[in-house]
Amino acid sequence: MATDWLGSIVSINCGESLGVYQGRVSAVDQVSQTISLTRPFHNGVKCLVPEVTFRAGDITELKILEIPGPGDSRQCGDSQHMDTAMPGVGCQVGPSQNGTGKLLKKPMSSSAPQNIPRRTDMKSQDIVISPQQQCSKSYMDRHMETLSQSKGFRRRHNSWSSSSRHPNQVTPKKSGLKNGQMKSKDDECFGDDIDEIPDTDFDFEGNLALFDKAAVFEEIETYERRSGTRSRGTPNEKPARYRHDENILESEPIVYRRIVVPQNPHKEFCTDSGLVVPSVSYELHKKLLAVAEKHGLTLERRLEMTGVCASQMALSLLGGPNRLNPKNVHQRPTVALLCGPHVKGAQGISCGRHLSNHDVHVILFLPNFVKMLESITNELNLFSKTQGQQVSSVKDLPDTPVDLVINCLDCHENAFLRDQPWYKAVVDWANQNRAPVLSIDPPISEMELGIDAKWSLALGLPLPLGERAGRVYLCDIGIPQKVFQEVGINYHSPFGCKFVIPLHST
């Protein structure tokens with residue numbers, strides 16, 4: 001029985017450690033439980049040795065790839081041949097009492113031997129495969145099923161698990177080819193001899209060079225252009241890409257100069273969006289505030305709006321949410337607020353009140369005067385209800401640097417205040433403190449500025465400020481659009497969703 005398998009091409013799986021071997025069976029020893037393969041291949045690579053031998057205990061799975069025909073060796077007996085044209089005719093290896101297996105014969109359709117048709121004669125025939133063969137457990141220690149065909153064809157085999165059936169029992173499973181077309185496809189795919197597989201690697205780079213992508217894309221584009229379909233684009237074309245803040249829908253051209261003043265501006269600024277914001281003279285700015293107050297935008301409302309916007313900007317300069325949160329109570333910022341006895345000083349006091357409400361340590365400097373403006377008195381009354389500290393002497397100001405200095409000392413009209421001793425002393429203290437300075441509504445003339453500012457906050461529309469004013473910001477104090485039109489200014493708000501925006505010099 002063991003000699004029946006000589007000359008067969010088999011595939012032996014020896015597990016992950018040894019791998020898969022393929023070759024032709026040269027010897028089967030039932031006593032030592034070994035099987036030998038000649039001209040073997042290991043994991044698809046031809047072995048250097050001419051023959052390898054396997055023990056039954058090392059074999060995990062064994063598949064028979066090809067069984068030799070009558071001219072090569074014995075197959076299914078000496079006088080019987082397999083007829084592939086008749087279903088149910090052939091041979092099967094079944095279990096015997098001694099475990100080595102015996103030959104079971106089925107009656108043939110004719111008493112005369114049938115010749116097996118060659119490969120070229122079977123392309124148009126329907127082939128039904130019925131014989132199954134099982135290797136004896138005595139020398140393979142495995143059970144398998146073989147679907148046999150004629151010489152030169154590859155077989156399909158199903159390995160059977162021994163966990164769910166008796167070791168010497170196998171259930172036949174028939175599989176067949178429905179038509180000659182499927183058989184022809186299998187012949188084209190699996191019909192070559194294993195020795196004819198080329199050893200050279202496939203030249204992917206050379207094969208890819210034969211493909212002309214530019215010509216193919218040009219052909220596709222020509223076809224789509226003629227048929228009226230949408231073009232998919234060529235390699236040289238790049239699709240339009242938009243940022244997250246760009247509108248993909250077509251709209252009217254953007255008008256960047258939406259604020260027009262009656263007089264030729266001395267200086268122009270622009271916002272982050274590119275909108276042009278012209279500067280106005282101090283006389284036009286004063287007239288604008290007077291008309292707004294006539295229509296109900298009183299001084300108290302302007303002071304409140306200025307205080308809110310200035311405090312919001314100061315909170316951002318102090319660190320915003322990274323500095324001002326309940327977890328950083330030990331890093332409470334300190335702001336020195338320098339105010340004069342005028343409306344600009346009242347704006348600074350309003351800003352200090354809002355800063356103190358946001359847990360900022362505010363030190364307000366205001367010189368002593370016999371008579372104060374009503375707006376200053378009202379703002380001081382509100383500031384006294386906060387935790388802020390008010391001083392009237394330079395000696396009471398901190399000796400160490402503070403986080404921010406807010407300058408409201410200068411005024412557009414009362415220039416005589418700059419000659420006062422307290423003014424000069426406060427200017428010297430601010431210049432020596434080395435803290436950044438925020439100036440609220442500074443005057444135009446640079447000669448009148450005693451303290452160099454890092455930031456300046458303009459109200460409504462900017463004045464033509466110089467270089468010593470630092471970076472200019474603009475805040476919205478609530479002036480309606482028709483008030484601008486009444487003084488001859490064609491105005492469209494540049495603020496968008498904010499109340500304080502930065503301005504850039506053009």
# chains A, B, ... in the order shown; residues from 1 in each chain; ligands from 1
$ residues_around --residues "region 25-38 of chain A" --least-positions-apart "6" --cutoff "6 Å" --atoms "only C-alpha atoms" --output "NGL selection string"
:A and (6-8 or 50-56 or 139)
$ write_last_selection --atoms "N, CA, C and O atoms" --output "PDB file, in the first residue's frame"
ATOM      1  N   LEU A   6       4.352   6.387  -4.098  1.00  0.00           N
ATOM      2  CA  LEU A   6       5.645   6.766  -4.675  1.00  0.00           C
ATOM      3  C   LEU A   6       5.434   7.535  -5.977  1.00  0.00           C
ATOM      4  O   LEU A   6       4.617   7.159  -6.821  1.00  0.00           O
ATOM      5  N   GLY A   7       6.181   8.626  -6.138  1.00  0.00           N
ATOM      6  CA  GLY A   7       6.054   9.477  -7.318  1.00  0.00           C
ATOM      7  C   GLY A   7       5.033  10.566  -7.205  1.00  0.00           C
ATOM      8  O   GLY A   7       4.930  11.428  -8.091  1.00  0.00           O
ATOM      9  N   SER A   8       4.246  10.565  -6.123  1.00  0.00           N
ATOM     10  CA  SER A   8       3.243  11.626  -5.945  1.00  0.00           C
ATOM     11  C   SER A   8       3.924  12.911  -5.472  1.00  0.00           C
ATOM     12  O   SER A   8       4.890  12.881  -4.715  1.00  0.00           O
ATOM     13  N   PRO A  50      19.356  17.071  -2.156  1.00  0.00           N
ATOM     14  CA  PRO A  50      18.469  16.408  -3.134  1.00  0.00           C
ATOM     15  C   PRO A  50      17.303  15.684  -2.512  1.00  0.00           C
ATOM     16  O   PRO A  50      16.304  15.410  -3.200  1.00  0.00           O
ATOM     17  N   GLU A  51      17.350  15.339  -1.193  1.00  0.00           N
ATOM     18  CA  GLU A  51      16.284  14.554  -0.590  1.00  0.00           C
ATOM     19  C   GLU A  51      16.179  14.880   0.892  1.00  0.00           C
ATOM     20  O   GLU A  51      17.209  15.107   1.556  1.00  0.00           O
ATOM     21  N   VAL A  52      14.942  14.953   1.402  1.00  0.00           N
ATOM     22  CA  VAL A  52      14.705  15.182   2.827  1.00  0.00           C
ATOM     23  C   VAL A  52      13.745  14.104   3.316  1.00  0.00           C
ATOM     24  O   VAL A  52      12.923  13.580   2.555  1.00  0.00           O
ATOM     25  N   THR A  53      13.874  13.748   4.615  1.00  0.00           N
ATOM     26  CA  THR A  53      13.061  12.705   5.240  1.00  0.00           C
ATOM     27  C   THR A  53      12.342  13.278   6.440  1.00  0.00           C
ATOM     28  O   THR A  53      12.949  14.031   7.228  1.00  0.00           O
ATOM     29  N   PHE A  54      11.059  12.939   6.635  1.00  0.00           N
ATOM     30  CA  PHE A  54      10.248  13.469   7.717  1.00  0.00           C
ATOM     31  C   PHE A  54       9.727  12.310   8.559  1.00  0.00           C
ATOM     32  O   PHE A  54       9.395  11.238   8.037  1.00  0.00           O
ATOM     33  N   ARG A  55       9.641  12.540   9.853  1.00  0.00           N
ATOM     34  CA  ARG A  55       8.994  11.600  10.754  1.00  0.00           C
ATOM     35  C   ARG A  55       7.508  11.934  10.845  1.00  0.00           C
ATOM     36  O   ARG A  55       7.107  13.068  10.647  1.00  0.00           O
ATOM     37  N   ALA A  56       6.729  10.934  11.201  1.00  0.00           N
ATOM     38  CA  ALA A  56       5.277  11.141  11.286  1.00  0.00           C
ATOM     39  C   ALA A  56       4.911  12.128  12.376  1.00  0.00           C
ATOM     40  O   ALA A  56       3.930  12.859  12.263  1.00  0.00           O
ATOM     41  N   TYR A 139       1.838   5.407   8.910  1.00  0.00           N
ATOM     42  CA  TYR A 139       3.055   6.075   8.479  1.00  0.00           C
ATOM     43  C   TYR A 139       2.857   7.566   8.237  1.00  0.00           C
ATOM     44  O   TYR A 139       3.818   8.262   7.978  1.00  0.00           O
TER      45      TYR A 139
END
$ residues_around --residues "Ala314 (chain A)" --least-positions-apart "4" --cutoff "12 Å" --atoms "only C-alpha atoms" --output "ChimeraX atom specification"
/A:306-310,318-320,324,333-337,348,351-352,354-356,358,360,362,403-407,436-440,455-457,473,500
$ closest_residue --among "A:His295, A:His342, A:Arg353, A:Lys454" --to "Ser375 (chain A)" --atoms "only C-alpha atoms"
A:His342
$ residues_around --residues "region 497-499 of chain A" --least-positions-apart "4" --cutoff "9 Å" --atoms "only C-alpha atoms" --output "mmCIF file with C-alpha atoms, in the first residue's frame"
data_model
loop_
_atom_site.group_PDB
_atom_site.id
_atom_site.type_symbol
_atom_site.label_atom_id
_atom_site.label_comp_id
_atom_site.auth_asym_id
_atom_site.auth_seq_id
_atom_site.Cartn_x
_atom_site.Cartn_y
_atom_site.Cartn_z
ATOM 1 C CA CYS A 309 -13.365 98.125 26.898
ATOM 2 C CA LEU A 474 -9.604 100.898 18.785
ATOM 3 C CA CYS A 475 -12.637 100.416 21.027
ATOM 4 C CA ASP A 476 -16.334 100.821 20.322
ATOM 5 C CA ILE A 477 -17.958 103.282 22.694
#
$ residues_around --residues "Gln481 (chain A)" --least-positions-apart "6" --cutoff "12 Å" --atoms "only C-alpha atoms" --output "number ranges by chain"
A: 259, 288, 291-292, 460, 487-494
$ write_last_selection --atoms "C-alpha atoms" --output "PDB file, in the first residue's frame"
ATOM      1  CA  ILE A 259     -15.147 104.619   6.341  1.00  0.00           C
ATOM      2  CA  LEU A 288     -18.526 113.718  17.121  1.00  0.00           C
ATOM      3  CA  VAL A 291     -23.325 115.301  18.745  1.00  0.00           C
ATOM      4  CA  ALA A 292     -23.508 111.838  20.317  1.00  0.00           C
ATOM      5  CA  GLY A 460     -14.547 105.530  18.329  1.00  0.00           C
ATOM      6  CA  VAL A 487     -20.886 115.074  11.255  1.00  0.00           C
ATOM      7  CA  GLY A 488     -20.076 114.128   7.651  1.00  0.00           C
ATOM      8  CA  ILE A 489     -18.472 110.683   8.180  1.00  0.00           C
ATOM      9  CA  ASN A 490     -19.574 107.752   6.024  1.00  0.00           C
ATOM     10  CA  TYR A 491     -19.222 104.991   8.597  1.00  0.00           C
ATOM     11  CA  HIS A 492     -19.519 101.205   8.610  1.00  0.00           C
ATOM     12  CA  SER A 493     -18.451  99.407  11.758  1.00  0.00           C
ATOM     13  CA  PRO A 494     -15.021  97.689  11.468  1.00  0.00           C
TER      14      PRO A 494
END
$ closest_residue --among "A:Arg332, A:Lys385, A:His412, A:Arg301" --to "Tyr282 (chain A)" --atoms "only C-alpha atoms"
A:His412
$ select_by_dssp --residues "region 236-426 of chain A" --states "alpha helix (DSSP H)" --output "NGL selection string"
:A and (282-294 or 299-317 or 343-357 or 374-383 or 421-426)
$ closest_residue --among "A:Lys395, A:Ala346, A:Asn357, A:Leu366" --to "Glu379 (chain A)" --atoms "only C-alpha atoms"
A:Ala346
$ residues_around --residues "Glu16 (chain A)" --least-positions-apart "5" --cutoff "12 Å" --atoms "only C-alpha atoms" --output "PyMOL selection string"
chain A and resi 21+43+58-61
$ select_by_dssp --residues "region 272-456 of chain A" --states "strand (DSSP E)" --output "list in words"
Val276, Val277, Pro278, Thr334, Val335, Ala336, Leu337, Leu338, Cys339, His361, Val362, Ile363, Leu364, Phe365, Gln389, Gln390, Val391, Leu404, Val405, Ile406, Asn407, Cys408, Val437, Leu438, Ser439, Ile440, Trp455 and Ser456 of chain A
$ write_last_selection --atoms "C-alpha atoms" --output "short mmCIF file (atom, residue, chain, number, x, y, z; two decimals), in the first residue's frame"
data_model
loop_
_atom_site.label_atom_id
_atom_site.label_comp_id
_atom_site.auth_asym_id
_atom_site.auth_seq_id
_atom_site.Cartn_x
_atom_site.Cartn_y
_atom_site.Cartn_z
CA VAL A 276 -9.10 100.77 6.18
CA VAL A 277 -9.73 102.97 9.23
CA PRO A 278 -8.77 106.64 8.66
CA THR A 334 -1.09 94.28 40.30
CA VAL A 335 -2.02 97.32 38.20
CA ALA A 336 -0.92 100.90 38.85
CA LEU A 337 -3.56 103.34 37.57
CA LEU A 338 -2.26 106.90 37.05
CA CYS A 339 -5.11 109.42 36.63
CA HIS A 361 -5.10 94.41 42.76
CA VAL A 362 -5.51 98.05 41.62
CA ILE A 363 -3.53 100.98 43.03
CA LEU A 364 -5.14 104.26 41.92
CA PHE A 365 -3.05 107.42 41.95
CA GLN A 389 -6.40 101.14 46.90
CA GLN A 390 -6.32 104.91 46.32
CA VAL A 391 -3.17 107.03 46.93
CA LEU A 404 0.81 96.86 34.18
CA VAL A 405 0.70 100.65 34.28
CA ILE A 406 -2.40 102.40 32.89
CA ASN A 407 -1.66 106.01 31.98
CA CYS A 408 -4.51 108.52 32.14
CA VAL A 437 2.28 100.93 29.86
CA LEU A 438 -1.23 101.10 28.43
CA SER A 439 -2.33 104.62 27.54
CA ILE A 440 -6.06 105.42 27.27
CA TRP A 455 -0.18 100.11 23.77
CA SER A 456 -2.67 102.92 23.19
#
$ residues_around --residues "Cys270 (chain A)" --least-positions-apart "4" --cutoff "9 Å" --atoms "only C-alpha atoms" --output "ChimeraX atom specification"
/A:274-278,502-506
$ residues_around --residues "Phe41 (chain A)" --least-positions-apart "3" --cutoff "7 Å" --atoms "only C-alpha atoms" --output "number ranges by chain"
A: 21-23, 44-47
$ write_last_selection --atoms "N, CA and C atoms" --output "CSV table (one decimal), in the first residue's frame"
chain,number,residue,atom,x,y,z
A,21,TYR,N,7.1,22.0,3.2
A,21,TYR,CA,8.0,21.4,2.2
A,21,TYR,C,7.1,20.8,1.1
A,22,GLN,N,7.6,20.9,-0.1
A,22,GLN,CA,7.0,20.3,-1.2
A,22,GLN,C,8.0,19.5,-2.1
A,23,GLY,N,7.5,18.4,-2.6
A,23,GLY,CA,8.4,17.6,-3.4
A,23,GLY,C,7.7,16.3,-3.8
A,44,GLY,N,8.7,27.5,-0.6
A,44,GLY,CA,8.8,28.1,-1.9
A,44,GLY,C,10.2,28.2,-2.5
A,45,VAL,N,11.2,27.9,-1.7
A,45,VAL,CA,12.6,28.0,-2.2
A,45,VAL,C,13.2,26.6,-2.3
A,46,LYS,N,13.8,26.4,-3.4
A,46,LYS,CA,14.4,25.1,-3.7
A,46,LYS,C,15.5,24.8,-2.7
A,47,CYS,N,15.5,23.6,-2.1
A,47,CYS,CA,16.5,23.2,-1.1
A,47,CYS,C,17.8,22.8,-1.8
$ atom_distance --atom1 "CA of Pro341 (chain A)" --atom2 "CA of Asp396 (chain A)"
18.4 Å
